[in-house]
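**Student:** I have a structure here, written as structure tokens, and I will follow up with some questions on it.
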There are 2 protein chains.
Amino acid sequence: MAKKTAKRSPKPAKSAGKKLKKMCYYFGHGRCDGDGTMKATLGGKGANLAAMTKIGLPVPPGFTITTEVCTSYYANAKKLPAGLLDEVQKNIGYLEVELGKKFGDPLNPLLVAVRSGSRDSMPGMMDTILNLGLNDVTVEALKKATGNGRFAWDCYRRFVQMYGDVVMGIQKRHENEHEPFDEVMDKLKGEVNAKLDTDLNEADLQELVRRFKTLILDRTGKVFPPEPIEQLKGAVGAVFGSWMNERAILYRQKYKIPDEWGTAVNVQSMVFGNMGDDCATGVAFTRDPATGENVFWGEYLVNAQGEDVVAGVRTPNKVQEMIKDPIIGPAYKELEKVRKTLEKNFGDVQDIEFTIERKKLYMLQTRNGKRTAFAYVRIAHDMVKEKLMTPEHAIRSCDPETLNQLLQPIFDRSAYEAAKKEGRCLTTGLPAGPGAASGTVVFTAAKAEELVRAGHKVLLARVETSPEDLRGMIAAEGILTSRGGVSSHAALVARQMGKVCVAGAGEVHIDYHTGTLTCKGVTIREGDAMSINGSTGEVFQGAIASADSELKQVLIGRTMKPSDSKLFQYYDFIMKLSDKFRTLGLRTNADTPEQVHNAVAFGAQGIGLCRTEHMFFEGDRIDAMRQMILAENVDARRAALDKLLPYQQGDFEGIFRALDGRPACIRLLDPPLHEFLPHTKEQQMDLARKIGVPVEKIIARVHELHEFNPMLGFRGCRLGLIYTEITEMQARAVFQAAAAVLKAGVKVKPEVMIPLVGFKKELDLQVEIVHRVAKEVMAKTGKKFPYQVGTMIEVPRGALTADEIAQTAEFFSFGTNDLTQTTLGMSRDDSGSFLPKYRDLEILKDNPFASIDQAGVGQLMKMAVEKGRSSRPDIKLGICGEHGGDPSSIDFCHRVGLAYVSCSPFRVPVARMAAAQAAIKHAPKKAKK
Amino acid sequence: MAKKTAKRSPKPAKSAGKKLKKMCYYFGHGRCDGDGTMKATLGGKGANLAAMTKIGLPVPPGFTITTEVCTSYYANAKKLPAGLLDEVQKNIGYLEVELGKKFGDPLNPLLVAVRSGSRDSMPGMMDTILNLGLNDVTVEALKKATGNGRFAWDCYRRFVQMYGDVVMGIQKRHENEHEPFDEVMDKLKGEVNAKLDTDLNEADLQELVRRFKTLILDRTGKVFPPEPIEQLKGAVGAVFGSWMNERAILYRQKYKIPDEWGTAVNVQSMVFGNMGDDCATGVAFTRDPATGENVFWGEYLVNAQGEDVVAGVRTPNKVQEMIKDPIIGPAYKELEKVRKTLEKNFGDVQDIEFTIERKKLYMLQTRNGKRTAFAYVRIAHDMVKEKLMTPEHAIRSCDPETLNQLLQPIFDRSAYEAAKKEGRCLTTGLPAGPGAASGTVVFTAAKAEELVRAGHKVLLARVETSPEDLRGMIAAEGILTSRGGVSSHAALVARQMGKVCVAGAGEVHIDYHTGTLTCKGVTIREGDAMSINGSTGEVFQGAIASADSELKQVLIGRTMKPSDSKLFQYYDFIMKLSDKFRTLGLRTNADTPEQVHNAVAFGAQGIGLCRTEHMFFEGDRIDAMRQMILAENVDARRAALDKLLPYQQGDFEGIFRALDGRPACIRLLDPPLHEFLPHTKEQQMDLARKIGVPVEKIIARVHELHEFNPMLGFRGCRLGLIYTEITEMQARAVFQAAAAVLKAGVKVKPEVMIPLVGFKKELDLQVEIVHRVAKEVMAKTGKKFPYQVGTMIEVPRGALTADEIAQTAEFFSFGTNDLTQTTLGMSRDDSGSFLPKYRDLEILKDNPFASIDQAGVGQLMKMAVEKGRSSRPDIKLGICGEHGGDPSSIDFCHRVGLAYVSCSPFRVPVARMAAAQAAIKHAPKKAKK
């Protein structure tokens, strides 16, 4: 494993050589040097403290040492810059004057808290040293001021312990050792027969401080510094040091935070919430972060320190009830005012920490509050309407992924908790399709359909799924697979259909032969009830009650009127707001009228990918398809295709009607033909009987079509080039459907997409057929319809020669699933054996099948965009891979200048929001005055 | 199908708009405007006619209309440029003066031949119109001059027919029609009761000319032009027209000849070899094109026309015997002189056409002669030594592929012919490994070894081969597969080992179960004799005698002394000559000391790719390898690897010794692990017994390792990153071998190559292990050896991020096999279903797995070269894909600036020559004076 202390320095920042001008920013009533915009210099916490001070809120005064000092510290072999100490002392001086206290003063000592504070809050760094300034002398002054000797010495004890640990580096030396300070304390507790820390009295604590100091001296050869200014110097160094500790470095690597940012240090005068019953401390949100309701939401404890609220030692009170408190009630009124002021000033819900010291309110921290998606839409709606929040902020502050919460069917809360308590959770797989589902477990698609027809709800459990399982998947409430990742067939289809899905539950063993599923000794038979939670990956034995989300009831089920749903109104408001910013178009990957209806309900503006092959599996079609594949010559193939034509035309008519004039990008047949043939002997015999072909011929054809690497095999336009009659039939189906729908007064915009093109000539030959058929259909029907022909860019060669291909292609759609597989030489279906380890080893930051690998695949996309435009300036550019629904990929698509992204219907809200965010993020900056 | 006449024009050349200066170049004794360097302007034939004229050879005078006229013709809507006719008439004037004849003169008419002549000779274009200038008047003059009326009218008849066909466009109008002129002639023959054309007498021919003219008038409404200058105008137009006919266009597309080149037209005065016994015509080579011997080689016929020699109507005489002819003997002496003059002037063996008219010799054509590889090496050797040929030309004029002829074992000629006559040729597959082999047919590798041990020669026949068959392939004389292409495993291994191989013989059905091979009803049992010709793909029933080539006997078998082999001396001379020009280094792909010996004998300067996995199949190793794969934890894996280490170290020692100080680029384990496990139940049971593991576990592991697309799966560095102990063992084997060999006084230069890198971090992590092990081995052995660590660039992402990867990699080797598969999204093993059709459709010019796809894969390579050098200017760059042995790919590698190419041992001579050619072709042009 990696070493405990990382030996590295951040790269010298630009400021490394230059002399630092201003190293400390004071915040107090007399003066306030910084403001809320200075997060880069003061860190998030420091900037917000300055901001609160500036608007007159009661912040305990203090000062912030800038992030630049941190950078300079690392650029100069971990030496604090010259002049820093002078500046610190000057600022301590300001504090002493403002507060009338003095560092080390035996009567009225100044005590401070030292906190780190980077631009974004960052786990792994030193957090807080409280009560800095305490020593053997000042502790007595604290005792006098609070009238509580035990309290004063306990503060001192904690300070020495924390300082010894964090600043002087006293930590355990090997795994099996106890924490050194704990060991000393435990020993003393034994001596005085104390069970709890709180059993130690003032004298015990005095002894403990003595022993702690001895420990420090023994271990370091250094005396615990009694001088407050020395203490402060040490604490500042420790904060800077923690910037480069291993955990912090790893965190920054993960979230791509540059080392050069550095951290600030906040030195703030202490206030105490634990000096008596006229003191209190609390944390609160300015609105309810779960529901978004405009109520003050939080907790407080009388006579307590901040950590007591979080630790749950005593049960805290609701913050709204503070007003009833006879002593600190008046402070609540001020807090209410602060709440309003903060929302107005920060333009968002605030998550605050406060302390009341002797009836006086002090604000210790504020930051934007985290919230659920339900709270997000309501707050954004309300605060924009109240003009408290800018529309830009409303959009920018959304985590698009969380919008899925609004769509998930959910377990009944109590039933769910009960199931967990009863130990019915068998295992946890990958959360592949969010939501919750319960039903009778079945192991075949046929059985799923059969039971559903008989009125049951079913869960389809498969080792893995294939297009042949599609109808079963449609029928099932949810899908469980024991193999495959979040991008497996099961997961992909589940997301597209908004189905609940747990994929790759490796501990689950499915035996089709015996019709059983076993997991950790528990055996479940076909017909037993199970439940899955696609948001967490949990797999349950037995049923758990669930229900559709409200938003789905309005948009999809139409079982609730929009006017009856507040949630819908919030959602709709914010989605329409996002559309005002968005410049990327938004399409969907859909193959059926129903999917189109859903996607349009969510805001899709057309189809980005209609996979025609999905249409070949339904009912009798698959038999005609199989006849086509088994045909021995063009005539026999044409005869089979003639049977498919009316089906396909009908499908397209339905889709065109559902689109109502919106464009539809239709991909011609793509998968290898063997996917359409039955692979078990039994199914082969069945087929032989059905279509009157010797079974040997079927077996031979299956064998002939077998490929070592089907991903790279006889598929895509290669099929259409060898069997041109397939392309012809599909083009005819598209155009005849267009003409028919047009005749019925509905506008159509078909876009015919040729898949897997790597060579211009491939496209030329296919496009020739499409144009010919279009002409024929127009002549025959007398209807003129607009249409385009283009291609998917999904192999690197397509991107590399995009300039040539764009001479023929009227549009490109990036098929980033396959483009990722080929560019990385990595099979999506097989990468499970090494991808998890790759992420542990930090070879990859994200799953490249979920989020575009911008340095590799993205580089090719950029190249293709530039080359494509160089030959055809008005070429239409989109993306239809799974990445089209991923926010960071959408941001990338915005930057490279695509016209639209396309994703599965249930991802549309996420994509819509992400597209708006990208537009705001990359909007040309307005010139400063 | 495509239309008969192509409707397109070549792009306007630069000269389109500008006025042409000189449109005709005269060649005659009084003046000669052109010379041999002007192929671009005069075409190949015209330039050589001018060259011969210039050096005083007896060329019938004439003139050449330039290619620029052709270009201008197309740039101006197929109009001949203004002033052309004037120039033509002026040149006809020169001819008339020089020859004392006149166009259309009733007594002494000038007759000319009109021939097309582009830069390179090009099939599909109009070839020749003879006797232009004949009409009803001049035909009588010809009759008088020859004293042969039938001859004169036959010339006239042929002229009208050809002119009607080619110039006036009289051709059959549908498939079932007869050629119109033939029909007229047949009718007449019926009327006069003539069986053969020669049965027609002078009067019949006069009638025929009349009827031909009537046909022309009926069909075109135009009169056959009696005016010679009108005839000439038409003929010139027809030559230009034929430049854009369909066949010519297709030919140019195939060979990338630009449309803009255009064709020239040669107008040359007629001479007759058929005016009597003092006339003759012949074709000859200045040296023997089969053996290269310095003898005059060719044939002639007395009293004949050029076409008679080729048509084989009469048996021609050897040209050397002409001297014995009492009448034309003296002309032979002149011909001998011409032979010497031509070789001296053209610096190469010439392929000539000549005519003797009334004892006078005329030269009609000369061009460089095509020859076999045997002739090539001898001629190049001799002519360079004789200072007749420049070394550059000796190299440039070689077709490197033909050098393989020198290495092929060959069937005994008569035995081979007999086998064909006897109908023993069963089918024809792909010629995958050149040469000929005979032996007992077997269907398993084990049987092959068994029979070879018992002293038999065997042919291994498999549906397809895998690494498990390797030992059987080594044992066999030749390999026959019924599936797979020229890049299949069988073909690849065959080429690497120089084995004879016929691959993908689809009509052959192999039934392992019954131990039979059937083809077109013939059944062959294991143990029967068969023969295959890997140069033609033929598969024979029964044995055919064969023998090693002479060159192999000298270089590989060492059964013949170099000094005893003239062929070797020629070969060696030309190879050493090529090395003087070559700037690319030359390495080999070899895994055994024997392969290294062979490659070094052919001139390899090191190993470019040593596939370590091939070493895991021999003997007991495979069991240890399988134990490693089946291990359940690191310790068990390490234990199995410890068994493999000494084997692998021993292999490397052997290879290092054979290399004797040359560098060895060693690739760490690359293929997916399932390739090493047995896949039949029987083998699995065997293994279970052997290594004491339950068979269920083996089956489970095989199942677990199964992949949908193994090419893109868990392989390459992905293995070494998950199982770092494999990398460690392999690095240790390499370095311990290096230390051991160094101790024995042999220098070593190992280069450790990490496969399938797409991310810098992958390489970083593996390189760290390699460096650590190297350090450990150096410390343990006390030996310091130089080594490098680098990577294969074989997925597009590796190329796209080559700048990052080169920060760690000391070298790149382009793995163009996989890079082609991923860039094109095309599986080499599966592309057989569409690639042949792709080439018919001209989507691809070449097989991208044989010759680098320069626009796609090459673009990535270029990018990687530039990016790699940008981070590490001295990075070593090579190629080790199969393309390393392909001449056009080698030319590409030279251009992008690689340091070396690597290919299989038996390709080394080809690559050596191709590298020299690339250096000459792209040498910086010397400045003109």
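A note on labels: chains of the structure tokens are A, B, ... as shown, every chain counts residues from 1, and ligands are counted from 1 in their shown order.
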Would you give me, as a ChimeraX atom specification, the residues of chain A that come within 6 Å of chain B, using only C-alpha atoms?

**Tutor:** /A:707,709,712-713,761,795-797,822-827,830,843,856

**Student:** Grab the residues selected above and save them as a tab-separated table (two decimals), in the first residue's frame with all heavy atoms.

**Tutor:**
chain	number	residue	atom	x	y	z
A	707	GLU	N	-19.14	-15.54	-34.43
A	707	GLU	CA	-17.98	-14.67	-34.60
A	707	GLU	C	-17.15	-14.66	-33.33
A	707	GLU	O	-17.67	-14.80	-32.24
A	707	GLU	CB	-18.43	-13.25	-34.95
A	707	GLU	CG	-19.09	-13.18	-36.31
A	707	GLU	CD	-19.41	-11.75	-36.73
A	707	GLU	OE1	-20.01	-11.02	-35.93
A	707	GLU	OE2	-19.04	-11.37	-37.84
A	709	ASN	N	-15.36	-12.02	-32.34
A	709	ASN	CA	-15.57	-10.69	-31.74
A	709	ASN	C	-16.73	-10.01	-32.46
A	709	ASN	O	-16.51	-9.14	-33.31
A	709	ASN	CB	-14.29	-9.85	-31.88
A	709	ASN	CG	-13.15	-10.42	-31.07
A	709	ASN	OD1	-13.15	-10.35	-29.85
A	709	ASN	ND2	-12.19	-11.02	-31.75
A	712	LEU	N	-16.95	-6.38	-33.47
A	712	LEU	CA	-16.14	-5.90	-34.58
A	712	LEU	C	-16.43	-6.70	-35.85
A	712	LEU	O	-15.59	-6.77	-36.74
A	712	LEU	CB	-14.65	-6.04	-34.23
A	712	LEU	CG	-14.19	-5.48	-32.88
A	712	LEU	CD1	-12.72	-5.80	-32.65
A	712	LEU	CD2	-14.40	-3.98	-32.82
A	713	GLY	N	-17.60	-7.30	-35.91
A	713	GLY	CA	-17.83	-8.26	-36.98
A	713	GLY	C	-18.76	-7.77	-38.07
A	713	GLY	O	-18.77	-6.59	-38.45
A	761	LYS	N	-16.96	5.59	-48.84
A	761	LYS	CA	-17.58	4.79	-49.89
A	761	LYS	C	-18.70	3.90	-49.33
A	761	LYS	O	-19.69	3.64	-50.02
A	761	LYS	CB	-16.51	3.93	-50.56
A	761	LYS	CG	-16.97	3.12	-51.77
A	761	LYS	CD	-17.01	3.97	-53.02
A	761	LYS	CE	-17.54	3.22	-54.23
A	761	LYS	NZ	-16.48	2.73	-55.12
A	795	VAL	N	-16.76	4.34	-35.02
A	795	VAL	CA	-15.44	3.70	-35.03
A	795	VAL	C	-14.43	4.81	-35.26
A	795	VAL	O	-14.73	5.81	-35.93
A	795	VAL	CB	-15.31	2.61	-36.11
A	795	VAL	CG1	-16.27	1.46	-35.85
A	795	VAL	CG2	-15.50	3.17	-37.50
A	796	PRO	N	-13.22	4.66	-34.69
A	796	PRO	CA	-12.24	5.75	-34.81
A	796	PRO	C	-12.01	6.19	-36.25
A	796	PRO	O	-11.87	7.38	-36.53
A	796	PRO	CB	-10.98	5.14	-34.19
A	796	PRO	CG	-11.51	4.18	-33.16
A	796	PRO	CD	-12.74	3.59	-33.78
A	797	ARG	N	-12.03	5.23	-37.18
A	797	ARG	CA	-11.77	5.64	-38.56
A	797	ARG	C	-12.81	6.62	-39.08
A	797	ARG	O	-12.51	7.49	-39.89
A	797	ARG	CB	-11.70	4.44	-39.48
A	797	ARG	CG	-10.98	4.79	-40.78
A	797	ARG	CD	-10.94	3.66	-41.78
A	797	ARG	NE	-9.97	3.92	-42.81
A	797	ARG	CZ	-10.15	4.74	-43.83
A	797	ARG	NH1	-11.29	5.38	-43.95
A	797	ARG	NH2	-9.19	4.95	-44.73
A	822	THR	N	-14.12	0.86	-29.09
A	822	THR	CA	-13.05	0.72	-30.09
A	822	THR	C	-11.86	1.62	-29.76
A	822	THR	O	-10.72	1.20	-29.91
A	822	THR	CB	-13.58	1.04	-31.49
A	822	THR	OG1	-14.32	2.25	-31.45
A	822	THR	CG2	-14.47	-0.08	-32.01
A	823	THR	N	-12.10	2.82	-29.29
A	823	THR	CA	-11.00	3.72	-29.01
A	823	THR	C	-10.15	3.21	-27.85
A	823	THR	O	-8.92	3.32	-27.85
A	823	THR	CB	-11.53	5.14	-28.68
A	823	THR	OG1	-12.33	5.57	-29.77
A	823	THR	CG2	-10.39	6.11	-28.47
A	824	LEU	N	-10.83	2.65	-26.86
A	824	LEU	CA	-10.10	2.14	-25.70
A	824	LEU	C	-9.71	0.67	-25.87
A	824	LEU	O	-8.99	0.12	-25.05
A	824	LEU	CB	-10.96	2.28	-24.43
A	824	LEU	CG	-10.88	3.61	-23.68
A	824	LEU	CD1	-11.15	4.79	-24.59
A	824	LEU	CD2	-11.83	3.62	-22.51
A	825	GLY	N	-10.22	0.04	-26.93
A	825	GLY	CA	-9.98	-1.39	-27.11
A	825	GLY	C	-10.54	-2.16	-25.92
A	825	GLY	O	-9.90	-3.05	-25.38
A	826	MET	N	-11.74	-1.78	-25.51
A	826	MET	CA	-12.28	-2.30	-24.26
A	826	MET	C	-13.75	-2.66	-24.47
A	826	MET	O	-14.57	-1.80	-24.77
A	826	MET	CB	-12.15	-1.19	-23.22
A	826	MET	CG	-12.13	-1.67	-21.80
A	826	MET	SD	-11.93	-0.24	-20.68
A	826	MET	CE	-10.16	-0.05	-20.63
A	827	SER	N	-14.05	-3.93	-24.31
A	827	SER	CA	-15.42	-4.40	-24.49
A	827	SER	C	-16.24	-4.05	-23.26
A	827	SER	O	-15.88	-4.39	-22.15
A	827	SER	CB	-15.41	-5.91	-24.70
A	827	SER	OG	-16.69	-6.45	-24.50
A	830	ASP	N	-17.28	-7.07	-21.28
A	830	ASP	CA	-16.24	-7.90	-20.67
A	830	ASP	C	-15.37	-7.14	-19.69
A	830	ASP	O	-14.49	-7.72	-19.05
A	830	ASP	CB	-15.35	-8.49	-21.77
A	830	ASP	CG	-16.14	-9.32	-22.78
A	830	ASP	OD1	-16.98	-10.12	-22.32
A	830	ASP	OD2	-15.92	-9.16	-23.97
A	843	ILE	N	-6.48	4.48	-12.60
A	843	ILE	CA	-6.14	4.56	-14.02
A	843	ILE	C	-7.22	5.35	-14.74
A	843	ILE	O	-6.96	6.14	-15.63
A	843	ILE	CB	-6.00	3.14	-14.61
A	843	ILE	CG1	-4.78	2.45	-13.99
A	843	ILE	CG2	-5.87	3.19	-16.13
A	843	ILE	CD1	-4.66	0.97	-14.29
A	856	GLY	N	-9.45	10.84	-24.59
A	856	GLY	CA	-9.30	9.88	-25.67
A	856	GLY	C	-10.45	9.98	-26.66
A	856	GLY	O	-10.31	10.54	-27.74

**Student:** Cα-based RMSD, chain B fitted onto chain A, all atoms paired in sequence order: value?

**Tutor:**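 Here the C-alpha RMSD works out to 0.2 Å.
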
**Student:** Check stretch 478-643 of chain A with DSSP on the backbone and list each residue it calls strand (DSSP E), as a VMD selection string.

**Tutor:** chain A and resid 478 to 481 500 to 503 508 to 511 516 to 519 522 to 525 529 to 533 538 to 541 546 to 547 585 to 589 607 to 611

**Student:** Could you check which of A:Thr220, A:Gln231, A:Ser531, A:Thr355 is closest to A:Thr440, using only C-alpha atoms?

**Tutor:**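 Of the candidates, the smallest distance to A:Thr440 is held by A:Ser531.
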
**Student:** In Å, how far is it from atom CA of A:Asp186 to atom CA of A:Thr198?

**Tutor:**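 Result for atom CA of A:Asp186 versus atom CA of A:Thr198: 12.5 Å, one decimal.
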
**Student:** Neighbouring residues of stretch 319-330 of chain B were defined as those with any atom within 10 Å, considering only C-alpha atoms; residues of the same chain fewer than 4 positions away were excluded. Please report them as a ChimeraX atom specification.

**Tutor:** /B:277-280,282-285,295-302,334-336,356-361

**Student:** Using DSSP on the backbone, list every residue of stretch 496-696 of chain B that comes out as alpha helix (DSSP H), and give them as a PyMOL selection string.

**Tutor:** chain B and resi 496-497+550-555+566-581+593-601+621-630+634-659+681-691+695-696

**Student:** Please write the residues from the selection above to a file, keeping C-alpha atoms, as a short mmCIF file (atom, residue, chain, number, x, y, z; two decimals), in the first residue's frame.

**Tutor:**
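Contents of the output file selection.cif:
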data_model
loop_
_atom_site.label_atom_id
_atom_site.label_comp_id
_atom_site.auth_asym_id
_atom_site.auth_seq_id
_atom_site.Cartn_x
_atom_site.Cartn_y
_atom_site.Cartn_z
CA GLN B 496 6.51 -16.66 -39.33
CA MET B 497 7.82 -20.20 -39.58
CA GLU B 550 18.43 -23.39 -53.25
CA LEU B 551 18.58 -20.21 -51.23
CA LYS B 552 17.07 -21.91 -48.20
CA GLN B 553 19.57 -24.71 -48.55
CA VAL B 554 22.37 -22.16 -48.28
CA LEU B 555 20.95 -19.80 -45.64
CA LYS B 566 25.46 -18.73 -57.92
CA LEU B 567 21.91 -17.82 -56.90
CA PHE B 568 23.02 -17.05 -53.39
CA GLN B 569 25.78 -14.83 -54.68
CA TYR B 570 23.39 -12.85 -56.84
CA TYR B 571 20.92 -12.58 -53.96
CA ASP B 572 23.58 -11.59 -51.48
CA PHE B 573 25.01 -8.95 -53.77
CA ILE B 574 21.64 -7.30 -54.28
CA MET B 575 20.72 -7.47 -50.57
CA LYS B 576 23.97 -5.86 -49.53
CA LEU B 577 23.40 -3.25 -52.18
CA SER B 578 19.95 -2.54 -50.73
CA ASP B 579 21.44 -2.12 -47.26
CA LYS B 580 23.51 0.77 -48.56
CA PHE B 581 20.35 2.72 -49.28
CA PRO B 593 16.41 -19.29 -31.03
CA GLU B 594 15.79 -21.10 -34.31
CA GLN B 595 13.59 -18.32 -35.64
CA VAL B 596 16.26 -15.83 -34.58
CA HIS B 597 18.93 -17.82 -36.45
CA ASN B 598 16.80 -17.79 -39.57
CA ALA B 599 15.97 -14.12 -39.35
CA VAL B 600 19.56 -13.12 -38.76
CA ALA B 601 20.59 -15.22 -41.77
CA ARG B 621 4.79 -25.44 -19.04
CA ILE B 622 1.21 -25.39 -20.10
CA ASP B 623 0.29 -27.25 -16.92
CA ALA B 624 2.07 -24.73 -14.71
CA MET B 625 0.42 -21.96 -16.71
CA ARG B 626 -2.97 -23.52 -16.14
CA GLN B 627 -2.26 -23.93 -12.45
CA MET B 628 -1.48 -20.23 -12.34
CA ILE B 629 -4.77 -19.39 -14.02
CA LEU B 630 -6.72 -21.66 -11.70
CA VAL B 634 -1.70 -14.58 -4.95
CA ASP B 635 0.34 -17.20 -3.13
CA ALA B 636 -0.94 -20.07 -5.24
CA ARG B 637 -0.40 -17.93 -8.33
CA ARG B 638 3.15 -17.15 -7.27
CA ALA B 639 3.86 -20.84 -6.68
CA ALA B 640 2.76 -21.70 -10.22
CA LEU B 641 4.71 -18.76 -11.63
CA ASP B 642 7.81 -19.94 -9.81
CA LYS B 643 7.59 -23.12 -11.86
CA LEU B 644 7.35 -21.14 -15.08
CA LEU B 645 10.24 -18.81 -14.29
CA PRO B 646 13.13 -21.21 -15.06
CA TYR B 647 11.51 -22.22 -18.38
CA GLN B 648 11.03 -18.69 -19.45
CA GLN B 649 14.50 -17.65 -18.32
CA GLY B 650 15.97 -20.55 -20.31
CA ASP B 651 14.06 -19.46 -23.40
CA PHE B 652 15.34 -15.92 -23.10
CA GLU B 653 18.89 -17.11 -22.63
CA GLY B 654 18.65 -19.09 -25.85
CA ILE B 655 17.23 -16.11 -27.68
CA PHE B 656 19.82 -13.68 -26.31
CA ARG B 657 22.61 -16.04 -27.34
CA ALA B 658 21.18 -16.37 -30.84
CA LEU B 659 20.92 -12.58 -31.08
CA LYS B 681 -14.68 -31.86 -21.50
CA GLU B 682 -12.12 -34.58 -22.12
CA GLN B 683 -9.13 -32.27 -21.92
CA GLN B 684 -10.62 -30.67 -18.83
CA MET B 685 -10.90 -34.08 -17.14
CA ASP B 686 -7.31 -34.82 -18.12
CA LEU B 687 -6.09 -31.59 -16.63
CA ALA B 688 -8.10 -32.12 -13.46
CA ARG B 689 -6.42 -35.47 -12.96
CA LYS B 690 -2.98 -34.09 -13.78
CA ILE B 691 -2.94 -31.11 -11.45
CA VAL B 695 -12.97 -30.61 -12.92
CA GLU B 696 -15.93 -28.44 -11.87
#

**Student:** Using only C-alpha atoms, which of the listed residues (B:Glu343, B:Arg211, B:Gly692, B:Lys845) sits closest to B:Lys256?

**Tutor:**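 The shortest atom-to-atom distance to B:Lys256 comes from B:Lys845.
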